[in-house]
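Dropping data-v8.cif in here (mmCIF, C-alpha atoms and all ligand atoms):
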data_data
#
loop_
_atom_site.label_atom_id
_atom_site.label_comp_id
_atom_site.auth_asym_id
_atom_site.auth_seq_id
_atom_site.Cartn_x
_atom_site.Cartn_y
_atom_site.Cartn_z
CA MET A 1476 -22.70 -5.61 -0.78
CA THR A 1477 -23.58 -6.76 2.72
CA THR A 1478 -23.34 -3.74 4.96
CA SER A 1479 -24.14 -5.39 8.27
CA ALA A 1480 -22.64 -8.49 9.85
CA GLU A 1481 -25.92 -10.39 9.32
CA PRO A 1482 -26.01 -12.50 6.17
CA VAL A 1483 -29.44 -12.34 4.55
CA ARG A 1484 -29.48 -16.07 3.92
CA PRO A 1485 -30.80 -18.22 6.73
CA GLY A 1486 -28.68 -20.86 8.39
CA PRO A 1487 -28.05 -22.54 11.70
CA LEU A 1488 -26.52 -20.29 14.32
CA ALA A 1489 -23.29 -21.65 15.68
CA ALA A 1490 -23.48 -19.77 18.94
CA ARG A 1491 -22.51 -22.89 20.85
CA THR A 1492 -19.68 -23.87 18.53
CA VAL A 1493 -16.46 -24.01 20.52
CA LEU A 1494 -13.98 -22.25 18.27
CA THR A 1495 -10.75 -23.73 19.51
CA ALA A 1496 -8.14 -23.51 16.83
CA PRO A 1497 -5.85 -26.53 16.44
CA ARG A 1498 -2.30 -26.21 17.77
CA LEU A 1499 0.07 -26.67 14.88
CA LEU A 1500 3.69 -25.97 14.02
CA ARG A 1501 4.00 -22.68 12.20
CA LEU A 1502 6.98 -20.97 10.59
CA PRO A 1503 7.23 -17.17 11.03
CA GLY A 1504 4.74 -15.29 8.87
CA VAL A 1505 2.38 -18.23 8.41
CA TYR A 1506 -1.29 -17.62 9.29
CA ARG A 1507 -2.01 -18.58 12.89
CA PRO A 1508 -4.99 -20.97 13.11
CA GLN A 1509 -7.85 -19.02 14.64
CA GLU A 1510 -11.65 -18.87 14.83
CA ASP A 1511 -12.21 -19.20 11.07
CA THR A 1512 -9.83 -22.17 11.04
CA ALA A 1513 -11.84 -23.80 13.83
CA LEU A 1514 -15.23 -23.08 12.23
CA LEU A 1515 -14.22 -24.63 8.91
CA ALA A 1516 -12.60 -27.59 10.68
CA ALA A 1517 -15.87 -28.18 12.54
CA ALA A 1518 -17.74 -28.24 9.23
CA ILE A 1519 -15.23 -30.76 7.84
CA ALA A 1520 -15.69 -32.93 10.94
CA ASP A 1521 -19.42 -33.16 10.15
CA LEU A 1522 -18.95 -33.80 6.43
CA ALA A 1523 -19.57 -37.30 5.08
CA ILE A 1524 -16.48 -38.07 3.00
CA THR A 1525 -16.63 -41.16 0.83
CA PRO A 1526 -13.60 -43.45 1.15
CA GLY A 1527 -11.25 -42.84 -1.76
CA ALA A 1528 -12.29 -39.22 -2.15
CA ARG A 1529 -9.91 -36.71 -3.76
CA ALA A 1530 -9.80 -33.55 -1.71
CA LEU A 1531 -8.37 -30.06 -2.10
CA ASP A 1532 -7.47 -27.58 0.65
CA LEU A 1533 -6.96 -24.27 -1.14
CA CYS A 1534 -5.04 -21.66 0.90
CA THR A 1535 -3.79 -24.33 3.28
CA GLY A 1536 -1.57 -22.24 5.62
CA THR A 1537 -0.44 -24.61 8.39
CA GLY A 1538 -2.36 -27.45 6.73
CA ALA A 1539 -5.04 -27.53 9.44
CA GLN A 1540 -7.90 -28.26 7.04
CA ALA A 1541 -5.87 -30.63 4.88
CA ILE A 1542 -5.06 -32.73 7.93
CA ALA A 1543 -8.73 -32.69 8.98
CA LEU A 1544 -9.69 -33.97 5.51
CA ALA A 1545 -7.11 -36.76 5.63
CA ARG A 1546 -8.37 -37.77 9.08
CA ARG A 1547 -11.93 -37.90 7.76
CA GLY A 1548 -10.84 -40.49 5.20
CA ALA A 1549 -9.99 -38.60 2.03
CA ARG A 1550 -7.60 -40.76 -0.02
CA THR A 1551 -5.56 -37.86 -1.34
CA VAL A 1552 -5.48 -34.28 -0.10
CA LEU A 1553 -3.84 -31.60 -2.21
CA ALA A 1554 -2.81 -28.68 0.03
CA VAL A 1555 -2.25 -25.56 -2.08
CA ASP A 1556 -0.75 -22.24 -0.95
CA LEU A 1557 1.27 -19.40 -2.46
CA SER A 1558 3.59 -19.29 0.54
CA ARG A 1559 6.65 -21.54 0.73
CA ARG A 1560 6.71 -21.17 4.52
CA ALA A 1561 3.07 -22.22 4.74
CA LEU A 1562 3.78 -25.31 2.67
CA ALA A 1563 6.80 -26.22 4.80
CA SER A 1564 4.62 -25.84 7.90
CA ALA A 1565 1.84 -27.93 6.36
CA ARG A 1566 4.34 -30.62 5.35
CA LEU A 1567 5.74 -30.81 8.90
CA ASN A 1568 2.30 -30.86 10.53
CA ALA A 1569 1.08 -33.60 8.20
CA LEU A 1570 4.26 -35.63 8.78
CA VAL A 1571 3.92 -35.43 12.57
CA ARG A 1572 0.30 -36.60 12.31
CA GLN A 1573 1.02 -39.15 9.56
CA ALA A 1574 -1.66 -37.55 7.44
CA ALA A 1575 -1.62 -38.20 3.69
CA VAL A 1576 -1.32 -34.59 2.55
CA ARG A 1577 0.44 -33.38 -0.61
CA PRO A 1578 1.62 -29.78 -0.26
CA CYS A 1579 1.71 -27.91 -3.54
CA ARG A 1580 2.86 -24.35 -4.20
CA GLY A 1581 0.36 -22.43 -6.27
CA ASP A 1582 -3.04 -20.83 -6.45
CA LEU A 1583 -6.48 -21.39 -7.90
CA ALA A 1584 -5.08 -21.99 -11.40
CA THR A 1585 -2.83 -24.72 -9.97
CA ALA A 1586 -5.82 -26.32 -8.26
CA LEU A 1587 -7.88 -26.17 -11.43
CA SER A 1588 -5.10 -27.92 -13.36
CA ARG A 1589 -5.14 -30.76 -10.78
CA GLY A 1590 -8.92 -31.09 -10.45
CA PRO A 1591 -11.72 -31.95 -10.32
CA PHE A 1592 -12.17 -32.96 -6.67
CA ASP A 1593 -14.80 -34.70 -4.55
CA VAL A 1594 -14.26 -32.24 -1.69
CA VAL A 1595 -12.89 -28.71 -1.81
CA VAL A 1596 -12.35 -26.62 1.31
CA ALA A 1597 -11.01 -23.09 1.53
CA ASN A 1598 -10.26 -20.48 4.15
CA PRO A 1599 -9.02 -17.80 1.77
CA PRO A 1600 -7.92 -14.27 2.62
CA TYR A 1601 -11.19 -12.28 2.90
CA VAL A 1602 -10.50 -9.21 5.05
CA PRO A 1603 -11.41 -5.88 3.38
CA ALA A 1604 -8.24 -3.81 3.27
CA PRO A 1605 -7.57 -0.11 2.70
CA ALA A 1606 -4.10 -0.79 1.23
CA ALA A 1607 -2.67 -3.11 -1.39
CA THR A 1608 -1.92 -6.65 -0.24
CA VAL A 1609 1.76 -7.31 0.41
CA ARG A 1610 3.54 -10.52 1.31
CA ALA A 1611 3.20 -9.85 5.05
CA THR A 1612 -0.61 -9.43 4.83
CA ARG A 1613 -1.55 -11.91 2.12
CA GLY A 1614 -2.69 -14.42 4.75
CA TRP A 1615 -5.79 -12.28 5.36
CA ASP A 1616 -6.00 -9.11 3.23
CA ALA A 1617 -8.07 -9.29 0.06
CA GLY A 1618 -8.59 -5.87 -1.49
CA PRO A 1619 -11.05 -3.09 -0.65
CA ASP A 1620 -14.11 -5.39 -0.62
CA GLY A 1621 -12.35 -8.50 0.69
CA ARG A 1622 -13.17 -10.43 -2.48
CA ALA A 1623 -9.85 -10.56 -4.39
CA VAL A 1624 -9.55 -14.32 -3.82
CA LEU A 1625 -13.23 -15.09 -3.10
CA ASP A 1626 -14.52 -13.92 -6.50
CA PRO A 1627 -12.31 -16.11 -8.71
CA LEU A 1628 -12.73 -19.03 -6.31
CA CYS A 1629 -16.54 -18.81 -6.30
CA ALA A 1630 -16.57 -18.42 -10.09
CA ALA A 1631 -14.49 -21.59 -10.51
CA ALA A 1632 -16.23 -23.73 -7.88
CA GLY A 1633 -18.33 -25.70 -10.38
CA THR A 1634 -15.19 -26.58 -12.37
CA LEU A 1635 -13.21 -27.56 -9.26
CA LEU A 1636 -15.89 -30.04 -8.16
CA ARG A 1637 -16.78 -33.44 -9.57
CA PRO A 1638 -20.51 -34.13 -9.95
CA GLY A 1639 -21.75 -34.80 -6.40
CA GLY A 1640 -18.73 -33.01 -4.95
CA THR A 1641 -18.90 -30.55 -2.05
CA LEU A 1642 -17.28 -27.17 -1.42
CA LEU A 1643 -16.93 -25.76 2.11
CA LEU A 1644 -15.88 -22.12 2.15
CA VAL A 1645 -15.41 -19.89 5.19
CA GLN A 1646 -15.51 -16.10 5.03
CA SER A 1647 -16.58 -13.06 7.00
CA ALA A 1648 -19.96 -11.40 6.53
CA LEU A 1649 -17.88 -8.24 5.99
CA SER A 1650 -16.88 -9.59 2.57
CA ASP A 1651 -20.39 -10.12 1.21
CA VAL A 1652 -21.64 -13.64 1.84
CA ASP A 1653 -24.63 -13.02 -0.42
CA LYS A 1654 -22.36 -12.44 -3.40
CA SER A 1655 -20.55 -15.74 -2.78
CA TRP A 1656 -23.92 -17.48 -2.42
CA GLU A 1657 -25.21 -16.02 -5.67
CA MET A 1658 -22.04 -16.87 -7.59
CA LEU A 1659 -22.17 -20.47 -6.38
CA ALA A 1660 -25.91 -20.88 -6.97
CA ALA A 1661 -25.57 -19.36 -10.47
CA GLN A 1662 -23.48 -22.41 -11.44
CA GLY A 1663 -26.27 -24.73 -10.37
CA LEU A 1664 -24.57 -25.64 -7.08
CA ARG A 1665 -26.93 -26.44 -4.17
CA THR A 1666 -25.80 -23.74 -1.77
CA SER A 1667 -26.53 -23.39 1.95
CA VAL A 1668 -25.12 -21.90 5.13
CA ASP A 1669 -23.39 -24.79 6.89
CA ARG A 1670 -22.66 -22.83 10.08
CA ARG A 1671 -21.87 -19.39 11.39
CA ALA A 1672 -20.47 -17.74 14.48
CA ARG A 1673 -20.11 -14.19 15.76
CA ILE A 1674 -16.73 -13.22 17.16
CA PRO A 1675 -15.16 -10.00 18.49
CA PHE A 1676 -12.83 -8.10 16.16
CA GLY A 1677 -9.23 -9.24 16.37
CA PRO A 1678 -6.24 -6.91 16.03
CA VAL A 1679 -6.46 -6.56 12.22
CA LEU A 1680 -10.11 -5.43 12.12
CA SER A 1681 -9.72 -3.38 15.31
CA GLY A 1682 -6.98 -1.44 13.53
CA ARG A 1683 -9.16 -0.53 10.55
CA THR A 1684 -12.58 0.33 11.99
CA GLU A 1685 -12.41 3.83 10.48
CA PHE A 1686 -11.97 2.38 6.98
CA LEU A 1687 -14.70 -0.23 7.52
CA GLU A 1688 -17.17 2.35 8.79
CA ALA A 1689 -16.35 4.77 5.96
CA ALA A 1690 -16.82 1.96 3.43
CA GLY A 1691 -20.20 1.11 4.97
CA LEU A 1692 -19.01 -2.41 5.76
CA ILE A 1693 -19.82 -2.09 9.46
CA ALA A 1694 -22.31 -0.04 11.44
CA PRO A 1695 -20.88 2.77 13.59
CA GLY A 1696 -19.50 1.25 16.75
CA GLN A 1697 -19.77 -2.34 15.49
CA ARG A 1698 -16.89 -4.36 16.87
CA THR A 1699 -17.92 -7.93 16.08
CA GLU A 1700 -18.02 -9.85 12.84
CA GLU A 1701 -19.88 -12.93 11.75
CA LEU A 1702 -18.01 -15.85 10.22
CA VAL A 1703 -19.97 -18.00 7.79
CA VAL A 1704 -19.24 -21.40 6.28
CA LEU A 1705 -21.00 -21.86 2.95
CA ARG A 1706 -21.60 -25.34 1.58
CA ALA A 1707 -22.12 -25.84 -2.13
CA VAL A 1708 -22.86 -29.24 -3.69
CA ARG A 1709 -22.52 -29.91 -7.41
C1 LIG B 1 -6.68 -17.25 6.08
S1 LIG B 1 -5.21 -18.19 5.77
C2 LIG B 1 -5.90 -19.83 5.96
C3 LIG B 1 -4.93 -20.84 6.50
C4 LIG B 1 -5.55 -22.19 6.89
N1 LIG B 1 -6.23 -22.82 5.77
C5 LIG B 1 -6.51 -22.07 8.05
O1 LIG B 1 -7.69 -22.41 7.90
O2 LIG B 1 -6.05 -21.64 9.14
C6 LIG B 1 -5.05 -17.97 4.01
C7 LIG B 1 -3.85 -18.63 3.34
O3 LIG B 1 -3.97 -18.41 1.92
C8 LIG B 1 -2.71 -18.18 1.33
N2 LIG B 1 -2.98 -17.43 0.09
C9 LIG B 1 -3.21 -16.10 -0.07
N3 LIG B 1 -3.56 -15.83 -1.34
C10 LIG B 1 -3.55 -17.02 -2.00
C11 LIG B 1 -3.84 -17.41 -3.34
N4 LIG B 1 -4.21 -16.52 -4.27
N5 LIG B 1 -3.73 -18.72 -3.68
C12 LIG B 1 -3.34 -19.63 -2.75
N6 LIG B 1 -3.06 -19.34 -1.46
C13 LIG B 1 -3.17 -18.04 -1.09
C14 LIG B 1 -1.92 -17.45 2.39
O4 LIG B 1 -0.54 -17.64 2.20
C15 LIG B 1 -2.48 -18.11 3.69
O5 LIG B 1 -1.65 -19.19 4.05
#

Kindly transcribe the structure held in the file into structure tokens.
Ligand SMILES: C[S@@+](CC[C@H](N)C(=O)[O-])C[C@H]1O[C@@H](n2cnc3c(N)ncnc32)[C@H](O)[C@@H]1O
Amino acid sequence: MTTSAEPVRPGPLAARTVLTAPRLLRLPGVYRPQEDTALLAAAIADLAITPGARALDLCTGTGAQAIALARRGARTVLAVDLSRRALASARLNALVRQAAVRPCRGDLATALSRGPFDVVVANPPYVPAPAATVRATRGWDAGPDGRAVLDPLCAAAGTLLRPGGTLLLVQSALSDVDKSWEMLAAQGLRTSVDRRARIPFGPVLSGRTEFLEAAGLIAPGQRTEELVVLRAVR
């Protein structure tokens, strides 16, 4: 378990990354695009996507990443989310931008049944939470260690990807980047840190510093977290 915000693995610092989240239509309750959205979108912007690629955006929310993939030239983009409101938002945003995105209600199992893919991107819920996840918090909460969605996703990454395919996954250092790295590398995926950025705690983390300190997930007084984009190539 990573107990500080510094991932052990080396990688380029993204201190100069401008984390401006895209402005998108969003029904009530749908995850507002924020710094993690922007960091993953920046990684997608730098990704070489072969024309005709099949892409997956797992946990699509407003569809921000799915639209970025379509703009980069993916032929088909499957945008998967559990939330009907998220999918309606993603559909509207893709329509407005004339992006070839196919919203699909479901989860990892749904994605696995539609795979494999040339490109997989995910900004899953990864925030360590003291209480059970409920509908209102499922955009970000992910169990006591933040890995409720990360663990099954990392375990399935090799199956989701075609040979030569790439996964881009964003998470917080608070939810154990090393574990994700090890799970990806254990499947023979070439794993690296694509980019990272340190940001101040937002309202959710600010409201649970006592829990995070007690769990040893942050140092006393720590009020910033590091976001990390992992890249894994099959
Ligand atoms: C952190 S938001 C990311 C939204 C968007 N991709 C972005 O980058 O801004 C996570 C999204 O995952 C969805 N979600 C939560 N658990 C899920 C699961 N098990 N399978 C699929 N989607 C899930 C939530 O409804 C939410 O829209």

- Got a sec to check which residues lie within 8 Å of ligand LIG 1 (chain B), using all atoms listed in the file, and send them as a ChimeraX atom specification? /A:1505-1509,1511-1513,1515-1516,1532-1541,1555-1558,1561,1580-1583,1597-1601,1613-1615,1624

- Message: Restricting the calculation to all atoms listed in the file: of A:Ala1584, A:Leu1635, A:Leu1649, A:Leu1680, which residue gets closest to A:Leu1692?
- Response: A:Leu1649

- note - atom CA of A:Val1576 and atom CA of A:Val1552 are separated by 4.9 Å

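Within 12 Å of A:Arg1683, once all atoms listed in the file are used and residues closer than 6 positions along the same chain are dropped, the contacting residues are Val1602, Pro1603, Ala1604, Pro1605, Ala1606, Asp1616, Pro1619, Phe1676, Gly1677, Ala1689, Ala1690, Leu1692, Ile1693, Gln1697 and Arg1698 of chain A.
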
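The gap separating atom CA of A:Gly1527 from atom CA of A:Leu1636 is 15.0 Å, in Å to one decimal.
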
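As for atom CA of A:Ala1623 and atom CA of A:Thr1495, they are spaced 27.3 Å apart.
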
- Message: When you look at A:Asp1593 with a cut-off of 9 Å (counting all atoms listed in the file), what residues show up, excluding the ones that are within fewer than 4 positions of it in the same chain? I need them as number ranges by chain.
- Response: A: 1524-1525, 1528-1531, 1635-1642

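Distances to A:Arg1671 were evaluated for A:Val1645, A:Ala1575, A:Leu1544, A:Val1609 using only C-alpha atoms, and the minimum falls at A:Val1645.
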
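Every protein or nucleic acid residue with an atom no more than 6 Å from stretch 1562-1564 of chain A, counting all atoms listed in the file and leaving out same-chain residues fewer than 3 positions away, appears here: A:Arg1501, A:Thr1537, A:Arg1559, A:Leu1567, A:Pro1578.
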
Using only the atoms of stretch 1589-1597 of chain A listed in the file, plus 8 Å on each side, state the axis-aligned box centre and edge lengths in Å rounded to one decimal, as lines of an AutoDock Vina configuration file.
center_x = -10.0
center_y = -28.9
center_z = -4.6
size_x = 25.7
size_y = 27.6
size_z = 28.3

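Counting only C-alpha atoms, the residue from A:Asn1568, A:Thr1585, A:Thr1666, A:Gln1573 that sits nearest to A:Arg1546 is A:Gln1573.
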
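Among the candidates A:Ser1681, A:Ser1647, A:Ser1655, A:Ser1667, the one nearest to A:Cys1629 when counting all atoms listed in the file is A:Ser1655.
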
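Nearest residue to A:Leu1625 among A:Leu1705, A:Ala1569, A:Pro1497, A:Arg1577 is A:Leu1705, counting all atoms listed in the file.
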
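You can rank A:Ala1611, A:Cys1579, A:Ala1617, A:Val1703 by their closest distance to A:Asp1653 using all atoms listed in the file, and at the top of that list sits A:Val1703.
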
Repaired coordinates for stretch 1597-1608 of chain A (all heavy atoms) as a JSON list (two decimals), in the frame of the given file:
[["chain", "number", "residue", "atom", "x", "y", "z"],
["A", 1597, "ALA", "N", -11.86, -24.28, 1.64],
["A", 1597, "ALA", "CA", -11.01, -23.09, 1.53],
["A", 1597, "ALA", "C", -11.30, -22.10, 2.65],
["A", 1597, "ALA", "O", -12.47, -21.83, 2.96],
["A", 1597, "ALA", "CB", -11.22, -22.40, 0.17],
["A", 1598, "ASN", "N", -10.23, -21.62, 3.24],
["A", 1598, "ASN", "CA", -10.26, -20.48, 4.15],
["A", 1598, "ASN", "C", -9.36, -19.43, 3.52],
["A", 1598, "ASN", "O", -8.20, -19.28, 3.90],
["A", 1598, "ASN", "CB", -9.77, -20.90, 5.54],
["A", 1598, "ASN", "CG", -9.76, -19.73, 6.52],
["A", 1598, "ASN", "OD1", -10.21, -18.63, 6.20],
["A", 1598, "ASN", "ND2", -9.23, -19.96, 7.72],
["A", 1599, "PRO", "N", -9.89, -18.73, 2.51],
["A", 1599, "PRO", "CA", -9.02, -17.80, 1.77],
["A", 1599, "PRO", "C", -8.88, -16.48, 2.51],
["A", 1599, "PRO", "O", -9.63, -16.20, 3.45],
["A", 1599, "PRO", "CB", -9.82, -17.59, 0.47],
["A", 1599, "PRO", "CG", -11.25, -17.71, 0.91],
["A", 1599, "PRO", "CD", -11.27, -18.73, 2.03],
["A", 1600, "PRO", "N", -7.94, -15.63, 2.08],
["A", 1600, "PRO", "CA", -7.92, -14.27, 2.62],
["A", 1600, "PRO", "C", -9.24, -13.60, 2.24],
["A", 1600, "PRO", "O", -9.68, -13.71, 1.10],
["A", 1600, "PRO", "CB", -6.76, -13.60, 1.87],
["A", 1600, "PRO", "CG", -6.01, -14.71, 1.22],
["A", 1600, "PRO", "CD", -6.93, -15.85, 1.05],
["A", 1601, "TYR", "N", -9.89, -12.90, 3.20],
["A", 1601, "TYR", "CA", -11.19, -12.28, 2.90],
["A", 1601, "TYR", "C", -11.39, -10.96, 3.65],
["A", 1601, "TYR", "O", -12.50, -10.44, 3.69],
["A", 1601, "TYR", "CB", -12.34, -13.24, 3.23],
["A", 1601, "TYR", "CG", -12.31, -13.78, 4.63],
["A", 1601, "TYR", "CD1", -12.57, -12.96, 5.73],
["A", 1601, "TYR", "CD2", -11.98, -15.11, 4.88],
["A", 1601, "TYR", "CE1", -12.51, -13.44, 7.02],
["A", 1601, "TYR", "CE2", -11.92, -15.61, 6.17],
["A", 1601, "TYR", "CZ", -12.18, -14.77, 7.23],
["A", 1601, "TYR", "OH", -12.11, -15.24, 8.52],
["A", 1602, "VAL", "N", -10.33, -10.43, 4.25],
["A", 1602, "VAL", "CA", -10.50, -9.21, 5.05],
["A", 1602, "VAL", "C", -10.43, -7.97, 4.14],
["A", 1602, "VAL", "O", -9.45, -7.79, 3.41],
["A", 1602, "VAL", "CB", -9.42, -9.12, 6.15],
["A", 1602, "VAL", "CG1", -9.58, -7.82, 6.94],
["A", 1602, "VAL", "CG2", -9.52, -10.31, 7.09],
["A", 1603, "PRO", "N", -11.47, -7.12, 4.14],
["A", 1603, "PRO", "CA", -11.41, -5.88, 3.38],
["A", 1603, "PRO", "C", -10.25, -5.02, 3.87],
["A", 1603, "PRO", "O", -10.05, -4.86, 5.07],
["A", 1603, "PRO", "CB", -12.76, -5.20, 3.67],
["A", 1603, "PRO", "CG", -13.66, -6.31, 4.12],
["A", 1603, "PRO", "CD", -12.77, -7.28, 4.84],
["A", 1604, "ALA", "N", -9.49, -4.50, 2.91],
["A", 1604, "ALA", "CA", -8.24, -3.81, 3.27],
["A", 1604, "ALA", "C", -8.14, -2.46, 2.58],
["A", 1604, "ALA", "O", -8.42, -2.36, 1.39],
["A", 1604, "ALA", "CB", -7.05, -4.67, 2.89],
["A", 1605, "PRO", "N", -7.71, -1.44, 3.31],
["A", 1605, "PRO", "CA", -7.57, -0.11, 2.70],
["A", 1605, "PRO", "C", -6.34, 0.00, 1.81],
["A", 1605, "PRO", "O", -6.27, 0.88, 0.96],
["A", 1605, "PRO", "CB", -7.44, 0.81, 3.91],
["A", 1605, "PRO", "CG", -6.94, -0.05, 5.02],
["A", 1605, "PRO", "CD", -7.40, -1.45, 4.74],
["A", 1606, "ALA", "N", -5.36, -0.89, 1.99],
["A", 1606, "ALA", "CA", -4.10, -0.79, 1.23],
["A", 1606, "ALA", "C", -3.89, -2.06, 0.42],
["A", 1606, "ALA", "O", -4.52, -3.08, 0.67],
["A", 1606, "ALA", "CB", -2.94, -0.59, 2.21],
["A", 1607, "ALA", "N", -2.97, -1.95, -0.55],
["A", 1607, "ALA", "CA", -2.67, -3.11, -1.39],
["A", 1607, "ALA", "C", -2.12, -4.26, -0.54],
["A", 1607, "ALA", "O", -1.43, -4.03, 0.45],
["A", 1607, "ALA", "CB", -1.65, -2.72, -2.45],
["A", 1608, "THR", "N", -2.44, -5.48, -0.94],
["A", 1608, "THR", "CA", -1.92, -6.65, -0.24],
["A", 1608, "THR", "C", -0.43, -6.79, -0.51],
["A", 1608, "THR", "O", 0.01, -6.68, -1.65],
["A", 1608, "THR", "CB", -2.65, -7.93, -0.74],
["A", 1608, "THR", "OG1", -4.04, -7.76, -0.52],
["A", 1608, "THR", "CG2", -2.16, -9.17, 0.00]]
